[in-house]
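Okay, coords_22.csv is below, CSV, C-alpha atoms:
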chain,number,residue,atom,x,y,z
A,571,MET,CA,0.0,0.0,0.0
A,572,ALA,CA,1.3,3.4,-0.9
A,573,ARG,CA,0.2,6.7,0.6
A,574,VAL,CA,0.6,9.9,-1.3
A,575,VAL,CA,0.1,13.4,0.0
A,576,VAL,CA,-0.5,16.3,-2.4
A,577,ASP,CA,-0.4,19.8,-1.1
A,578,VAL,CA,-1.9,22.5,-3.3
A,579,MET,CA,-1.1,26.1,-2.5
A,580,LEU,CA,-1.8,29.4,-4.3
A,581,LYS,CA,1.3,30.7,-6.0
A,582,PRO,CA,3.1,33.3,-3.9
A,583,GLU,CA,2.2,36.1,-6.2
A,584,ILE,CA,-1.6,35.3,-6.1
A,585,LEU,CA,-3.6,37.2,-3.5
A,586,ASP,CA,-5.1,34.8,-0.9
A,587,PRO,CA,-8.2,36.5,0.7
A,588,GLN,CA,-9.0,33.4,2.8
A,589,GLY,CA,-5.5,33.4,4.2
A,590,ARG,CA,-5.8,37.1,4.9
A,591,ALA,CA,-9.1,36.6,6.8
A,592,VAL,CA,-7.5,33.9,8.9
A,593,GLN,CA,-4.5,36.2,9.6
A,594,GLY,CA,-6.8,38.9,10.8
A,595,ALA,CA,-8.7,36.5,13.0
A,596,LEU,CA,-5.6,34.9,14.6
A,597,THR,CA,-4.3,38.4,15.5
A,598,ARG,CA,-7.7,39.5,16.8
A,599,LEU,CA,-8.0,36.3,19.0
A,600,GLY,CA,-4.7,36.9,20.7
A,601,LEU,CA,-1.8,35.6,18.6
A,602,SER,CA,0.8,38.4,18.1
A,603,GLY,CA,3.2,38.8,15.2
A,604,VAL,CA,1.4,36.9,12.5
A,605,THR,CA,2.9,38.2,9.3
A,606,ASP,CA,1.3,36.0,6.7
A,607,VAL,CA,-1.2,33.1,6.4
A,608,ARG,CA,-1.7,31.1,3.2
A,609,GLN,CA,-4.6,28.6,2.9
A,610,GLY,CA,-4.4,25.7,0.6
A,611,LYS,CA,-5.7,22.1,0.0
A,612,ARG,CA,-4.3,18.8,1.2
A,613,PHE,CA,-5.1,15.5,-0.5
A,614,GLU,CA,-4.3,12.2,1.1
A,615,ILE,CA,-4.4,9.4,-1.5
A,616,THR,CA,-4.2,5.7,-0.7
A,617,LEU,CA,-3.2,3.3,-3.4
A,618,ASP,CA,-3.2,-0.5,-3.7
A,619,GLY,CA,0.1,-2.2,-4.1
A,620,THR,CA,3.3,-0.4,-4.9
A,621,LEU,CA,3.7,2.8,-6.9
A,622,ASP,CA,5.5,1.8,-10.1
A,623,PRO,CA,7.0,4.5,-12.3
A,624,GLU,CA,4.0,4.4,-14.7
A,625,ARG,CA,1.5,5.1,-11.9
A,626,GLU,CA,3.7,7.7,-10.4
A,627,THR,CA,3.8,9.5,-13.8
A,628,ALA,CA,0.0,9.3,-14.0
A,629,LEU,CA,-0.3,10.6,-10.4
A,630,ASN,CA,2.0,13.6,-11.2
A,631,ARG,CA,0.0,14.4,-14.3
A,632,LEU,CA,-3.3,14.2,-12.5
A,633,ALA,CA,-2.1,16.2,-9.5
A,634,GLU,CA,-1.3,19.0,-12.0
A,635,GLU,CA,-4.4,18.6,-14.1
A,636,LEU,CA,-7.1,17.7,-11.6
A,637,LEU,CA,-6.0,18.6,-8.1
A,638,ALA,CA,-4.2,21.9,-8.8
A,639,ASN,CA,-5.0,24.7,-11.2
A,640,PRO,CA,-1.5,25.4,-12.7
A,641,VAL,CA,-2.4,28.9,-13.6
A,642,ILE,CA,-2.7,30.0,-10.0
A,643,GLU,CA,-1.5,27.1,-7.9
A,644,ASP,CA,1.6,25.1,-7.1
A,645,PHE,CA,1.6,21.6,-5.8
A,646,THR,CA,4.0,19.3,-4.0
A,647,LEU,CA,3.6,15.5,-4.0
A,648,ARG,CA,5.1,13.3,-1.3
A,649,ILE,CA,5.1,9.5,-1.5
A,650,ASP,CA,5.0,7.6,1.8
A,651,GLU,CA,5.6,4.1,0.4
A,652,GLY,CA,4.7,1.1,2.6
A,653,ALA,CA,2.4,3.1,4.9
A,654,GLY,CA,-0.1,0.9,6.8
B,205,MET,CA,10.9,34.1,11.8
B,206,ALA,CA,8.9,30.9,12.5
B,207,ARG,CA,6.8,29.0,10.0
B,208,VAL,CA,4.0,26.8,11.2
B,209,VAL,CA,2.0,24.4,9.0
B,210,VAL,CA,-1.4,23.3,10.3
B,211,ASP,CA,-3.1,20.4,8.4
B,212,VAL,CA,-6.8,20.0,9.0
B,213,MET,CA,-8.4,16.7,7.9
B,214,LEU,CA,-11.9,15.3,8.5
B,215,LYS,CA,-11.8,12.6,11.2
B,216,PRO,CA,-11.6,9.1,9.6
B,217,GLU,CA,-15.1,8.2,10.6
B,218,ILE,CA,-16.6,11.2,8.9
B,219,LEU,CA,-17.7,10.7,5.2
B,220,ASP,CA,-15.7,12.9,2.8
B,221,PRO,CA,-17.8,13.4,-0.4
B,222,GLN,CA,-15.2,15.7,-1.9
B,223,GLY,CA,-12.5,13.1,-1.4
B,224,ARG,CA,-14.8,10.5,-2.9
B,225,ALA,CA,-15.4,12.6,-6.0
B,226,VAL,CA,-11.6,13.1,-6.4
B,227,GLN,CA,-11.2,9.3,-6.0
B,228,GLY,CA,-13.7,8.7,-8.8
B,229,ALA,CA,-12.1,11.2,-11.1
B,230,LEU,CA,-8.5,9.9,-10.5
B,231,THR,CA,-9.7,6.4,-11.4
B,232,ARG,CA,-11.7,7.6,-14.5
B,233,LEU,CA,-8.7,9.6,-15.7
B,234,GLY,CA,-6.4,6.6,-15.7
B,235,LEU,CA,-4.9,6.0,-12.3
B,236,SER,CA,-5.5,2.4,-11.1
B,237,GLY,CA,-5.8,1.1,-7.6
B,238,VAL,CA,-6.9,4.2,-5.8
B,239,THR,CA,-8.5,2.9,-2.6
B,240,ASP,CA,-9.1,6.2,-0.7
B,241,VAL,CA,-8.8,9.9,-1.1
B,242,ARG,CA,-9.3,12.4,1.8
B,243,GLN,CA,-9.4,16.1,1.2
B,244,GLY,CA,-8.5,18.6,3.8
B,245,LYS,CA,-7.1,22.1,4.4
B,246,ARG,CA,-3.5,23.3,4.9
B,247,PHE,CA,-2.5,26.5,6.5
B,248,GLU,CA,1.0,28.0,6.2
B,249,ILE,CA,1.4,30.6,9.0
B,250,THR,CA,4.4,32.9,9.2
B,251,LEU,CA,5.3,34.5,12.5
B,252,ASP,CA,7.7,37.3,13.5
B,253,GLY,CA,10.5,36.4,15.8
B,254,THR,CA,10.7,33.1,17.6
B,255,LEU,CA,7.8,31.0,18.9
B,256,ASP,CA,7.9,31.2,22.7
B,257,PRO,CA,5.8,28.7,24.7
B,258,GLU,CA,3.1,31.3,25.3
B,259,ARG,CA,2.6,32.0,21.6
B,260,GLU,CA,2.8,28.3,20.9
B,261,THR,CA,0.0,27.6,23.4
B,262,ALA,CA,-2.1,30.4,21.7
B,263,LEU,CA,-1.4,28.9,18.3
B,264,ASN,CA,-2.5,25.4,19.5
B,265,ARG,CA,-5.7,26.8,21.0
B,266,LEU,CA,-6.5,28.8,17.8
B,267,ALA,CA,-5.7,25.9,15.5
B,268,GLU,CA,-8.3,23.9,17.4
B,269,GLU,CA,-10.9,26.7,17.8
B,270,LEU,CA,-10.5,28.6,14.5
B,271,LEU,CA,-8.8,26.5,11.9
B,272,ALA,CA,-10.4,23.2,12.7
B,273,ASN,CA,-13.9,22.1,13.7
B,274,PRO,CA,-13.1,19.7,16.5
B,275,VAL,CA,-16.4,17.9,16.2
B,276,ILE,CA,-15.6,16.6,12.7
B,277,GLU,CA,-11.9,17.4,12.1
B,278,ASP,CA,-8.5,16.6,13.4
B,279,PHE,CA,-5.5,18.9,13.0
B,280,THR,CA,-1.7,18.5,13.1
B,281,LEU,CA,0.6,21.4,13.8
B,282,ARG,CA,4.3,21.4,12.6
B,283,ILE,CA,6.7,24.1,13.6
B,284,ASP,CA,9.5,24.9,11.2
B,285,GLU,CA,11.5,27.3,13.3
B,286,GLY,CA,14.1,29.5,11.7
B,287,ALA,CA,12.6,29.2,8.2
B,288,GLY,CA,13.6,32.0,5.9
Structure translated into structure tokens:
Amino acid sequence: MARVVVDVMLKPEILDPQGRAVQGALTRLGLSGVTDVRQGKRFEITLDGTLDPERETALNRLAEELLANPVIEDFTLRIDEGAG
Amino acid sequence: MARVVVDVMLKPEILDPQGRAVQGALTRLGLSGVTDVRQGKRFEITLDGTLDPERETALNRLAEELLANPVIEDFTLRIDEGAG
């Protein structure tokens, strides 16, 4: 079994109003010195068997095409082989 | 400068229709053997100075109260001190 984590975040140059709202709330609720908050998405994907190169390529392609919007988002993909 | 990453995921026993939709799409688009997908949120928080115990406590409290809904979600908090 392989476990893959894909993190999708807005590119640094794209405004993040959700993150900005969270930043304001954290400060208002008593946490000092918050200079930036970015909010993104996290996908935890569980796969049967091992992740051969072919499936890894498919996964990279789909992370870019389906999970992220490459115009405004960056993604990182981490493989945690043999989890579970 | 301290960087903190908070990951918020639905508890395992809570149905995740978004994750289920992504699972269906991954399979349809050519990735075989996807047994589970969970979708959650990721917050990247940047803080001025160092994270003393008082601010760390505040951050833990706010992650639970503001960023996650403890009824249906779990969170993990990772501190990446001295980033940047």
For chain B versus chain A, which residues have an atom no more than 10 Å away, and what is each residue's nearest atom pair and distance in Å rounded to one decimal, using only C-alpha atoms, chain-then-number order, as CSV?
residue,atom,partner,partner_atom,distance
B:Met205,CA,A:Thr605,CA,9.3
B:Ala206,CA,A:Val604,CA,9.6
B:Arg207,CA,A:Asp606,CA,9.5
B:Val208,CA,A:Val607,CA,9.5
B:Val209,CA,A:Arg608,CA,9.6
B:Val210,CA,A:Gln609,CA,9.6
B:Asp211,CA,A:Arg612,CA,7.5
B:Val212,CA,A:Arg612,CA,8.3
B:Met213,CA,A:Arg612,CA,8.1
B:Gly223,CA,A:Phe613,CA,7.8
B:Val226,CA,A:Leu637,CA,8.0
B:Gln227,CA,A:Ile615,CA,8.2
B:Ala229,CA,A:Leu636,CA,8.2
B:Leu230,CA,A:Leu632,CA,7.0
B:Leu233,CA,A:Leu632,CA,7.8
B:Gly234,CA,A:Ala628,CA,7.2
B:Leu235,CA,A:Ala628,CA,6.1
B:Ser236,CA,A:Arg625,CA,7.5
B:Gly237,CA,A:Asp618,CA,5.0
B:Val238,CA,A:Leu617,CA,4.5
B:Thr239,CA,A:Leu617,CA,5.4
B:Asp240,CA,A:Thr616,CA,4.9
B:Val241,CA,A:Ile615,CA,4.4
B:Arg242,CA,A:Glu614,CA,5.1
B:Gln243,CA,A:Phe613,CA,4.7
B:Gly244,CA,A:Arg612,CA,4.9
B:Lys245,CA,A:Lys611,CA,4.6
B:Arg246,CA,A:Gly610,CA,5.0
B:Phe247,CA,A:Gln609,CA,4.7
B:Glu248,CA,A:Arg608,CA,5.1
B:Ile249,CA,A:Val607,CA,4.4
B:Thr250,CA,A:Asp606,CA,5.0
B:Leu251,CA,A:Val604,CA,4.6
B:Asp252,CA,A:Gly603,CA,5.0
B:Gly253,CA,A:Gly603,CA,7.7
B:Thr254,CA,A:Gly603,CA,9.7
B:Leu255,CA,A:Gly603,CA,9.8
B:Glu258,CA,A:Leu601,CA,9.3
B:Arg259,CA,A:Leu601,CA,6.4
B:Glu260,CA,A:Leu601,CA,8.9
B:Thr261,CA,A:Leu601,CA,9.5
B:Ala262,CA,A:Leu601,CA,6.1
B:Leu263,CA,A:Leu601,CA,6.7
B:Arg265,CA,A:Leu601,CA,9.9
B:Leu266,CA,A:Leu596,CA,6.9
B:Ala267,CA,A:Leu596,CA,9.0
B:Leu270,CA,A:Leu596,CA,8.0
B:Leu271,CA,A:Val592,CA,8.1
Report the distance between CA of Asp256 (chain B) and CA of Pro274 (chain B) in Å, rounded to one decimal place.
->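 Distance reported for this atom pair: 24.7 Å.
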Which polymer residues have any atom within 7 Å of an atom of Leu580 (chain A), counting only C-alpha atoms, with same-chain residues fewer than 4 positions away left out, as a list in words?
-> Ile584, Gly610, Ile642, Glu643 and Asp644 of chain A
Measure the distance from CA of Leu219 (chain B) to CA of Ile649 (chain A) in Å and round it to one decimal.
-> 23.8 Å
Quick one: pull the distance between CA of Pro587 (chain A) and CA of Glu268 (chain B), Å, one decimal.
-> 20.9 Å
Completion of region 619-631 of chain A up to N, CA and C atoms, as a short mmCIF file (atom, residue, chain, number, x, y, z; two decimals), keeping the file's coordinate frame:
data_model
loop_
_atom_site.label_atom_id
_atom_site.label_comp_id
_atom_site.auth_asym_id
_atom_site.auth_seq_id
_atom_site.Cartn_x
_atom_site.Cartn_y
_atom_site.Cartn_z
N GLY A 619 -1.16 -1.74 -3.59
CA GLY A 619 0.10 -2.20 -4.10
C GLY A 619 1.19 -1.16 -4.08
N THR A 620 2.22 -1.33 -4.88
CA THR A 620 3.30 -0.40 -4.90
C THR A 620 3.12 0.62 -6.04
N LEU A 621 3.82 1.72 -5.93
CA LEU A 621 3.70 2.80 -6.90
C LEU A 621 4.80 2.64 -7.93
N ASP A 622 4.50 1.92 -9.04
CA ASP A 622 5.50 1.80 -10.10
C ASP A 622 5.65 3.11 -10.84
N PRO A 623 6.74 3.25 -11.64
CA PRO A 623 7.00 4.50 -12.30
C PRO A 623 5.81 4.98 -13.18
N GLU A 624 5.11 4.03 -13.80
CA GLU A 624 4.00 4.40 -14.70
C GLU A 624 2.87 5.06 -13.89
N ARG A 625 2.53 4.46 -12.73
CA ARG A 625 1.50 5.10 -11.90
C ARG A 625 1.93 6.37 -11.30
N GLU A 626 3.23 6.45 -11.00
CA GLU A 626 3.70 7.70 -10.40
C GLU A 626 3.63 8.83 -11.45
N THR A 627 3.92 8.50 -12.71
CA THR A 627 3.80 9.50 -13.80
C THR A 627 2.33 9.94 -13.90
N ALA A 628 1.41 8.95 -13.88
CA ALA A 628 0.00 9.30 -14.00
C ALA A 628 -0.43 10.17 -12.81
N LEU A 629 0.08 9.86 -11.65
CA LEU A 629 -0.30 10.60 -10.40
C LEU A 629 0.21 12.06 -10.54
N ASN A 630 1.44 12.22 -11.02
CA ASN A 630 2.00 13.60 -11.20
C ASN A 630 1.15 14.37 -12.20
N ARG A 631 0.77 13.73 -13.30
CA ARG A 631 0.00 14.40 -14.30
C ARG A 631 -1.38 14.82 -13.74
#
